[in-house]
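**Q** Please find model.pdb (PDB, C-alpha atoms (C1' of nucleotides)) on the next line:
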```
ATOM      1  CA  MET A   1      -4.514 -20.672 -10.674  1.00  0.00           C
ATOM      2  CA  SER A   2      -6.377 -18.357  -8.573  1.00  0.00           C
ATOM      3  CA  ASP A   3      -7.712 -14.987  -9.411  1.00  0.00           C
ATOM      4  CA  ASN A   4      -7.302 -14.063  -5.828  1.00  0.00           C
ATOM      5  CA  PHE A   5      -6.809 -10.475  -5.059  1.00  0.00           C
ATOM      6  CA  PHE A   6      -3.554 -11.352  -3.414  1.00  0.00           C
ATOM      7  CA  ASN A   7      -2.381 -13.259  -6.414  1.00  0.00           C
ATOM      8  CA  LYS A   8      -3.012 -10.357  -8.726  1.00  0.00           C
ATOM      9  CA  VAL A   9      -1.111  -8.040  -6.476  1.00  0.00           C
ATOM     10  CA  TYR A  10       1.716 -10.483  -6.397  1.00  0.00           C
ATOM     11  CA  LYS A  11       1.915 -10.683 -10.148  1.00  0.00           C
ATOM     12  CA  VAL A  12       1.881  -6.947 -10.667  1.00  0.00           C
ATOM     13  CA  VAL A  13       4.558  -6.272  -8.105  1.00  0.00           C
ATOM     14  CA  GLU A  14       6.704  -8.886  -9.724  1.00  0.00           C
ATOM     15  CA  LYS A  15       6.656  -6.897 -12.918  1.00  0.00           C
ATOM     16  CA  ILE A  16       7.905  -3.646 -11.519  1.00  0.00           C
ATOM     17  CA  PRO A  17      11.078  -2.901 -13.464  1.00  0.00           C
ATOM     18  CA  PHE A  18      14.411  -2.366 -11.792  1.00  0.00           C
ATOM     19  CA  GLY A  19      14.904   1.197 -10.704  1.00  0.00           C
ATOM     20  CA  ARG A  20      11.215   1.972 -10.858  1.00  0.00           C
ATOM     21  CA  VAL A  21       8.507   2.269  -8.234  1.00  0.00           C
ATOM     22  CA  THR A  22       4.759   2.267  -8.113  1.00  0.00           C
ATOM     23  CA  THR A  23       2.029   2.881  -5.600  1.00  0.00           C
ATOM     24  CA  TYR A  24      -0.470   0.807  -3.735  1.00  0.00           C
ATOM     25  CA  GLY A  25      -3.237   2.801  -5.339  1.00  0.00           C
ATOM     26  CA  ALA A  26      -1.935   2.238  -8.861  1.00  0.00           C
ATOM     27  CA  ILE A  27      -1.781  -1.471  -8.260  1.00  0.00           C
ATOM     28  CA  ALA A  28      -5.232  -1.533  -6.730  1.00  0.00           C
ATOM     29  CA  LYS A  29      -6.566   0.334  -9.695  1.00  0.00           C
ATOM     30  CA  TYR A  30      -4.869  -1.983 -12.130  1.00  0.00           C
ATOM     31  CA  ILE A  31      -6.473  -5.027 -10.614  1.00  0.00           C
ATOM     32  CA  SER A  32      -9.932  -3.495 -10.807  1.00  0.00           C
ATOM     33  CA  SER A  33     -10.311  -2.628  -7.163  1.00  0.00           C
ATOM     34  CA  PRO A  34      -9.290   1.010  -7.000  1.00  0.00           C
ATOM     35  CA  LYS A  35     -10.523   1.366  -3.492  1.00  0.00           C
ATOM     36  CA  ALA A  36      -8.702  -1.636  -2.163  1.00  0.00           C
ATOM     37  CA  SER A  37      -5.360   0.048  -1.889  1.00  0.00           C
ATOM     38  CA  ARG A  38      -5.141  -0.925   1.729  1.00  0.00           C
ATOM     39  CA  MET A  39      -5.454  -4.533   0.792  1.00  0.00           C
ATOM     40  CA  VAL A  40      -2.486  -4.228  -1.513  1.00  0.00           C
ATOM     41  CA  GLY A  41      -0.261  -3.498   1.408  1.00  0.00           C
ATOM     42  CA  TRP A  42      -1.843  -6.239   3.362  1.00  0.00           C
ATOM     43  CA  ALA A  43      -1.375  -8.663   0.498  1.00  0.00           C
ATOM     44  CA  LEU A  44       2.301  -7.854   0.344  1.00  0.00           C
ATOM     45  CA  ASN A  45       2.552  -8.393   4.040  1.00  0.00           C
ATOM     46  CA  ALA A  46       0.939 -11.787   3.701  1.00  0.00           C
ATOM     47  CA  TYR A  47       3.234 -12.891   0.913  1.00  0.00           C
ATOM     48  CA  PHE A  48       6.094 -11.420   2.774  1.00  0.00           C
ATOM     49  CA  LYS A  49       5.542 -13.840   5.576  1.00  0.00           C
ATOM     50  CA  ASN A  50       5.321 -16.779   3.209  1.00  0.00           C
ATOM     51  CA  LYS A  51       7.884 -15.944   0.605  1.00  0.00           C
ATOM     52  CA  GLY A  52      10.145 -13.399   2.157  1.00  0.00           C
ATOM     53  CA  PHE A  53      11.849 -11.112  -0.347  1.00  0.00           C
ATOM     54  CA  SER A  54      10.733 -13.047  -3.378  1.00  0.00           C
ATOM     55  CA  ILE A  55       8.913 -10.006  -4.690  1.00  0.00           C
ATOM     56  CA  PRO A  56      10.276  -6.459  -4.968  1.00  0.00           C
ATOM     57  CA  ALA A  57       7.908  -5.025  -2.428  1.00  0.00           C
ATOM     58  CA  HIS A  58      10.386  -2.283  -1.690  1.00  0.00           C
ATOM     59  CA  ARG A  59       9.380  -0.758  -4.997  1.00  0.00           C
ATOM     60  CA  VAL A  60       5.890  -0.143  -3.743  1.00  0.00           C
ATOM     61  CA  VAL A  61       5.186   3.008  -1.816  1.00  0.00           C
ATOM     62  CA  ASN A  62       2.230   5.199  -1.101  1.00  0.00           C
ATOM     63  CA  ARG A  63       1.114   7.842  -3.511  1.00  0.00           C
ATOM     64  CA  PHE A  64       3.418  10.503  -2.047  1.00  0.00           C
ATOM     65  CA  GLY A  65       6.435   8.328  -2.553  1.00  0.00           C
ATOM     66  CA  ILE A  66       6.753   7.786   1.151  1.00  0.00           C
ATOM     67  CA  LEU A  67       8.151   4.505   2.398  1.00  0.00           C
ATOM     68  CA  THR A  68       5.245   3.679   4.621  1.00  0.00           C
ATOM     69  CA  GLY A  69       6.150   0.034   4.730  1.00  0.00           C
ATOM     70  CA  LYS A  70       9.759   0.378   5.724  1.00  0.00           C
ATOM     71  CA  LYS A  71       9.103  -0.970   9.165  1.00  0.00           C
ATOM     72  CA  TYR A  72       8.373  -4.326   7.594  1.00  0.00           C
ATOM     73  CA  PHE A  73      11.745  -4.368   5.897  1.00  0.00           C
ATOM     74  CA  GLU A  74      13.848  -4.477   8.958  1.00  0.00           C
ATOM     75  CA  GLY A  75      16.722  -6.681   8.152  1.00  0.00           C
ATOM     76  CA  LYS A  76      20.149  -6.202   6.781  1.00  0.00           C
ATOM     77  CA  ASN A  77      18.977  -3.794   4.172  1.00  0.00           C
ATOM     78  CA  THR A  78      16.423  -1.207   4.873  1.00  0.00           C
ATOM     79  CA  MET A  79      13.868  -0.370   2.276  1.00  0.00           C
ATOM     80  CA  LYS A  80      15.753   2.827   1.676  1.00  0.00           C
ATOM     81  CA  GLU A  81      19.011   1.036   0.982  1.00  0.00           C
ATOM     82  CA  LEU A  82      17.365  -1.328  -1.424  1.00  0.00           C
ATOM     83  CA  LEU A  83      15.931   1.565  -3.353  1.00  0.00           C
ATOM     84  CA  GLU A  84      19.127   3.558  -3.352  1.00  0.00           C
ATOM     85  CA  SER A  85      20.931   0.544  -4.735  1.00  0.00           C
ATOM     86  CA  GLU A  86      18.613   0.868  -7.702  1.00  0.00           C
ATOM     87  CA  GLY A  87      19.359   4.538  -8.145  1.00  0.00           C
ATOM     88  CA  ILE A  88      16.324   5.792  -6.323  1.00  0.00           C
ATOM     89  CA  TYR A  89      17.288   8.239  -3.637  1.00  0.00           C
ATOM     90  CA  VAL A  90      15.353   8.612  -0.480  1.00  0.00           C
ATOM     91  CA  LYS A  91      15.255  11.530   1.895  1.00  0.00           C
ATOM     92  CA  LYS A  92      13.411  11.282   5.146  1.00  0.00           C
ATOM     93  CA  ASP A  93      11.549   8.189   3.989  1.00  0.00           C
ATOM     94  CA  LYS A  94      10.406   9.965   0.880  1.00  0.00           C
ATOM     95  CA  ILE A  95      11.502   9.223  -2.677  1.00  0.00           C
ATOM     96  CA  LEU A  96      13.118  12.128  -4.468  1.00  0.00           C
ATOM     97  CA  ASP A  97      11.779  12.843  -7.942  1.00  0.00           C
ATOM     98  CA  PHE A  98       9.116  10.316  -7.281  1.00  0.00           C
ATOM     99  CA  ASN A  99       7.154  10.967 -10.435  1.00  0.00           C
ATOM    100  CA  LYS A 100      10.309  10.439 -12.453  1.00  0.00           C
ATOM    101  CA  HIS A 101      10.669   6.932 -11.089  1.00  0.00           C
ATOM    102  CA  PHE A 102       7.005   6.117 -11.058  1.00  0.00           C
ATOM    103  CA  TRP A 103       5.974   3.083 -13.069  1.00  0.00           C
ATOM    104  CA  ASP A 104       2.402   2.568 -14.134  1.00  0.00           C
ATOM    105  CA  PRO A 105       1.289  -1.097 -14.145  1.00  0.00           C
ATOM    106  CA  ASN A 106      -0.611  -0.447 -17.340  1.00  0.00           C
ATOM    107  CA  ILE A 107       2.631   0.074 -19.186  1.00  0.00           C
TER     108      ILE A 107
ATOM    109  C1'  DA B   1     -22.030 -14.624   9.762  1.00  0.00           C
ATOM    110  C1'  DA B   2     -19.957 -10.809  12.139  1.00  0.00           C
ATOM    111  C1'  DT B   3     -16.109  -8.218  13.602  1.00  0.00           C
ATOM    112  C1'  DG B   4     -11.439  -6.539  13.395  1.00  0.00           C
ATOM    113  C1'  DT B   5      -7.843  -4.960  10.761  1.00  0.00           C
ATOM    114  C1'  DG B   6      -4.391  -2.782   7.646  1.00  0.00           C
ATOM    115  C1'  DA B   7       2.577  -1.470   3.971  1.00  0.00           C
ATOM    116  C1'  DC B   8      -3.841   3.444   1.513  1.00  0.00           C
ATOM    117  C1'  DA B   9      -6.482   7.309  -0.797  1.00  0.00           C
ATOM    118  C1'  DC B  10      -8.985  11.379  -0.604  1.00  0.00           C
ATOM    119  C1'  DA B  11     -11.289  15.663   1.040  1.00  0.00           C
ATOM    120  C1'  DA B  12     -11.335  19.156   4.095  1.00  0.00           C
ATOM    121  C1'  DT B  13      -8.678  22.202   7.069  1.00  0.00           C
TER     122       DT B  13
ATOM    123  C1'  DT C   1       2.483  17.934   1.616  1.00  0.00           C
ATOM    124  C1'  DA C   2       0.870  18.332   7.587  1.00  0.00           C
ATOM    125  C1'  DT C   3      -3.012  16.620  10.162  1.00  0.00           C
ATOM    126  C1'  DT C   4      -7.386  14.766  10.934  1.00  0.00           C
ATOM    127  C1'  DG C   5     -11.262  12.236   9.777  1.00  0.00           C
ATOM    128  C1'  DT C   6     -13.809   9.138   6.734  1.00  0.00           C
ATOM    129  C1'  DG C   7     -14.370   5.668   3.141  1.00  0.00           C
ATOM    130  C1'  DC C   8     -13.053   1.486   1.335  1.00  0.00           C
ATOM    131  C1'  DC C   9     -12.187  -3.606   0.285  1.00  0.00           C
ATOM    132  C1'  DA C  10     -10.855  -8.254   0.975  1.00  0.00           C
ATOM    133  C1'  DC C  11      -8.817 -11.444   4.294  1.00  0.00           C
ATOM    134  C1'  DA C  12      -8.282 -13.653   9.119  1.00  0.00           C
ATOM    135  C1'  DT C  13     -10.490 -15.391  13.130  1.00  0.00           C
TER     136       DT C  13
END
```
Output the file's structure as structure tokens, nothing else.

**A**
Amino acid sequence: MSDNFFNKVYKVVEKIPFGRVTTYGAIAKYISSPKASRMVGWALNAYFKNKGFSIPAHRVVNRFGILTGKKYFEGKNTMKELLESEGIYVKKDKILDFNKHFWDPNI
DNA sequence: AATGTGACACAAT
DNA sequence: TATTGTGCCACAT
């Protein structure tokens, strides 16, 4: 299978444990392209179109714990609701105790 | 091949 | 962590 950038992103996101979150930057770094954080978001968007909610993209936020991608989650459940259902509380599009929920792909 | 683009990150302010 | 500006990379067209 491919070593595509997108594919790597896909695989990492898939591994994010329940109730945990990570950042675009962390993922980018993990796949050896620390500066390609923007692409991570784009990759998710691309897969999103093809596979819908098949990956927990709601567990990926920017490095401040802000739900920058919530606009792409418009549906029955907002990104916020999905996260709160996992015990991650969100206030004004920002994750509370973000570093407590942060998950590093290297682990 | 060149240009546009984006769910970011970082430094400076 | 607000805002603004710049850098950055890989994909789509």

**Q** Residues of chain C were defined as contacting chain A if any atom lay at most 9 Å from it, counting all atoms listed in the file; please report them as a ChimeraX atom specification.

**A** /C:1,7-11

**Q** Save the residues we just selected, C-alpha atoms (C1' of nucleotides), as a PDB file, keeping the file's coordinate frame?

**A**
```
ATOM      1  C1'  DT C   1       2.483  17.934   1.616  1.00  0.00           C
ATOM      2  C1'  DG C   7     -14.370   5.668   3.141  1.00  0.00           C
ATOM      3  C1'  DC C   8     -13.053   1.486   1.335  1.00  0.00           C
ATOM      4  C1'  DC C   9     -12.187  -3.606   0.285  1.00  0.00           C
ATOM      5  C1'  DA C  10     -10.855  -8.254   0.975  1.00  0.00           C
ATOM      6  C1'  DC C  11      -8.817 -11.444   4.294  1.00  0.00           C
TER       7       DC C  11
END
```

**Q** Evaluate the PyMOL selection byres ((chain A) within 12 of (chain B)) against this structure - the residues, as a PyMOL selection string, please.

**A** chain A and resi 23-29+34-48+57-64+66-73+79

**Q** Given the file shown, determine the residues that the PyMOL selection byres ((chain A and resi 105) around 10) selects; report them as a PyMOL selection string.

**A** chain A and resi 12-13+15-17+21-23+26-31+102-104+106-107

**Q** One number please: CA of Thr78 in chain A to CA of Ile55 in chain A, in Å, one decimal.

**A** 15.0 Å

**Q** Would you compute the distance between C1' of DA12 in chain C and CA of Lys8 in chain A? Give it in Å to one decimal.

**A**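 CA of Lys8 in chain A lies 18.9 Å from C1' of DA12 in chain C.
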
**Q** Between CA of Phe53 in chain A and CA of Ile95 in chain A, what is the spacing in Å?

**A**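 One can read the CA of Ile95 in chain A to CA of Phe53 in chain A distance as 20.5 Å.
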
**Q** Take the structure in the block and write a file for chain B, N, CA and C atoms (P, O5', C5', C4', C3', O3' and C1' of nucleotides), as an mmCIF file, in the first residue's frame.

**A**
```cif
data_model
loop_
_atom_site.group_PDB
_atom_site.id
_atom_site.type_symbol
_atom_site.label_atom_id
_atom_site.label_comp_id
_atom_site.auth_asym_id
_atom_site.auth_seq_id
_atom_site.Cartn_x
_atom_site.Cartn_y
_atom_site.Cartn_z
ATOM 1 P P DA B 1 8.375 18.857 -14.814
ATOM 2 O "O5'" DA B 1 7.418 20.045 -15.324
ATOM 3 C "C5'" DA B 1 7.833 20.908 -16.397
ATOM 4 C "C4'" DA B 1 7.165 22.264 -16.282
ATOM 5 C "C3'" DA B 1 7.440 23.000 -14.971
ATOM 6 O "O3'" DA B 1 7.448 24.381 -15.234
ATOM 7 C "C1'" DA B 1 5.130 22.494 -15.124
ATOM 8 P P DA B 2 7.889 25.386 -14.105
ATOM 9 O "O5'" DA B 2 6.461 26.051 -13.800
ATOM 10 C "C5'" DA B 2 5.625 26.441 -14.867
ATOM 11 C "C4'" DA B 2 4.359 27.101 -14.331
ATOM 12 C "C3'" DA B 2 4.581 27.927 -13.064
ATOM 13 O "O3'" DA B 2 3.773 29.086 -13.122
ATOM 14 C "C1'" DA B 2 3.008 26.217 -12.644
ATOM 15 P P DT B 3 3.825 30.144 -11.915
ATOM 16 O "O5'" DT B 3 2.382 29.886 -11.283
ATOM 17 C "C5'" DT B 3 1.279 29.765 -12.171
ATOM 18 C "C4'" DT B 3 0.012 29.537 -11.381
ATOM 19 C "C3'" DT B 3 -0.072 30.327 -10.072
ATOM 20 O "O3'" DT B 3 -1.358 30.898 -9.962
ATOM 21 C "C1'" DT B 3 -0.368 28.030 -9.648
ATOM 22 P P DG B 4 -1.764 31.760 -8.669
ATOM 23 O "O5'" DG B 4 -2.730 30.739 -7.910
ATOM 24 C "C5'" DG B 4 -3.804 30.135 -8.626
ATOM 25 C "C4'" DG B 4 -4.616 29.234 -7.699
ATOM 26 C "C3'" DG B 4 -4.943 29.877 -6.354
ATOM 27 O "O3'" DG B 4 -6.278 29.505 -5.998
ATOM 28 C "C1'" DG B 4 -3.751 27.871 -6.016
ATOM 29 P P DT B 5 -6.981 30.179 -4.766
ATOM 30 O "O5'" DT B 5 -6.856 29.013 -3.675
ATOM 31 C "C5'" DT B 5 -7.312 27.710 -4.007
ATOM 32 C "C4'" DT B 5 -6.935 26.735 -2.897
ATOM 33 C "C3'" DT B 5 -7.059 27.340 -1.485
ATOM 34 O "O3'" DT B 5 -7.755 26.451 -0.660
ATOM 35 C "C1'" DT B 5 -5.006 26.255 -1.751
ATOM 36 P P DG B 6 -9.051 26.997 0.104
ATOM 37 O "O5'" DG B 6 -8.856 26.215 1.482
ATOM 38 C "C5'" DG B 6 -8.925 24.797 1.530
ATOM 39 C "C4'" DG B 6 -7.953 24.319 2.583
ATOM 40 C "C3'" DG B 6 -7.983 25.147 3.859
ATOM 41 O "O3'" DG B 6 -8.463 24.368 4.959
ATOM 42 C "C1'" DG B 6 -5.760 24.757 3.101
ATOM 43 P P DA B 7 -9.731 24.967 5.584
ATOM 44 O "O5'" DA B 7 -9.679 24.071 6.877
ATOM 45 C "C5'" DA B 7 -10.042 24.584 8.146
ATOM 46 C "C4'" DA B 7 -9.435 23.695 9.198
ATOM 47 C "C3'" DA B 7 -7.997 23.279 8.936
ATOM 48 O "O3'" DA B 7 -7.238 23.482 10.109
ATOM 49 C "C1'" DA B 7 -9.314 21.403 9.417
ATOM 50 P P DC B 8 -6.541 24.918 10.318
ATOM 51 O "O5'" DC B 8 -5.059 24.484 10.700
ATOM 52 C "C5'" DC B 8 -4.709 23.129 10.852
ATOM 53 C "C4'" DC B 8 -3.228 23.021 11.197
ATOM 54 C "C3'" DC B 8 -2.846 23.646 12.539
ATOM 55 O "O3'" DC B 8 -1.848 22.844 13.157
ATOM 56 C "C1'" DC B 8 -1.667 24.703 10.842
ATOM 57 P P DA B 9 -1.269 23.258 14.575
ATOM 58 O "O5'" DA B 9 0.078 24.038 14.182
ATOM 59 C "C5'" DA B 9 1.140 23.315 13.577
ATOM 60 C "C4'" DA B 9 2.437 24.109 13.619
ATOM 61 C "C3'" DA B 9 2.754 24.730 14.980
ATOM 62 O "O3'" DA B 9 4.152 24.669 15.190
ATOM 63 C "C1'" DA B 9 2.555 26.439 13.374
ATOM 64 P P DC B 10 4.798 25.074 16.575
ATOM 65 O "O5'" DC B 10 5.473 26.476 16.216
ATOM 66 C "C5'" DC B 10 6.242 26.599 15.040
ATOM 67 C "C4'" DC B 10 6.661 28.044 14.852
ATOM 68 C "C3'" DC B 10 6.932 28.773 16.168
ATOM 69 O "O3'" DC B 10 8.189 29.407 16.095
ATOM 70 C "C1'" DC B 10 5.404 29.990 14.834
ATOM 71 P P DA B 11 8.767 30.135 17.452
ATOM 72 O "O5'" DA B 11 8.980 31.622 16.916
ATOM 73 C "C5'" DA B 11 9.311 31.833 15.543
ATOM 74 C "C4'" DA B 11 9.261 33.331 15.252
ATOM 75 C "C3'" DA B 11 9.636 34.203 16.444
ATOM 76 O "O3'" DA B 11 10.404 35.321 15.994
ATOM 77 C "C1'" DA B 11 7.380 34.629 15.802
ATOM 78 P P DA B 12 10.921 36.407 17.061
ATOM 79 O "O5'" DA B 12 9.882 37.591 16.799
ATOM 80 C "C5'" DA B 12 9.699 38.085 15.480
ATOM 81 C "C4'" DA B 12 8.567 39.099 15.432
ATOM 82 C "C3'" DA B 12 8.662 40.192 16.503
ATOM 83 O "O3'" DA B 12 8.309 41.434 15.918
ATOM 84 C "C1'" DA B 12 6.585 39.124 16.640
ATOM 85 P P DT B 13 8.490 42.787 16.824
ATOM 86 O "O5'" DT B 13 6.962 43.049 17.205
ATOM 87 C "C5'" DT B 13 5.998 43.149 16.170
ATOM 88 C "C4'" DT B 13 4.633 43.468 16.776
ATOM 89 C "C3'" DT B 13 4.699 44.476 17.931
ATOM 90 O "O3'" DT B 13 3.672 45.443 17.789
ATOM 91 C "C1'" DT B 13 3.504 42.580 18.575
#
```
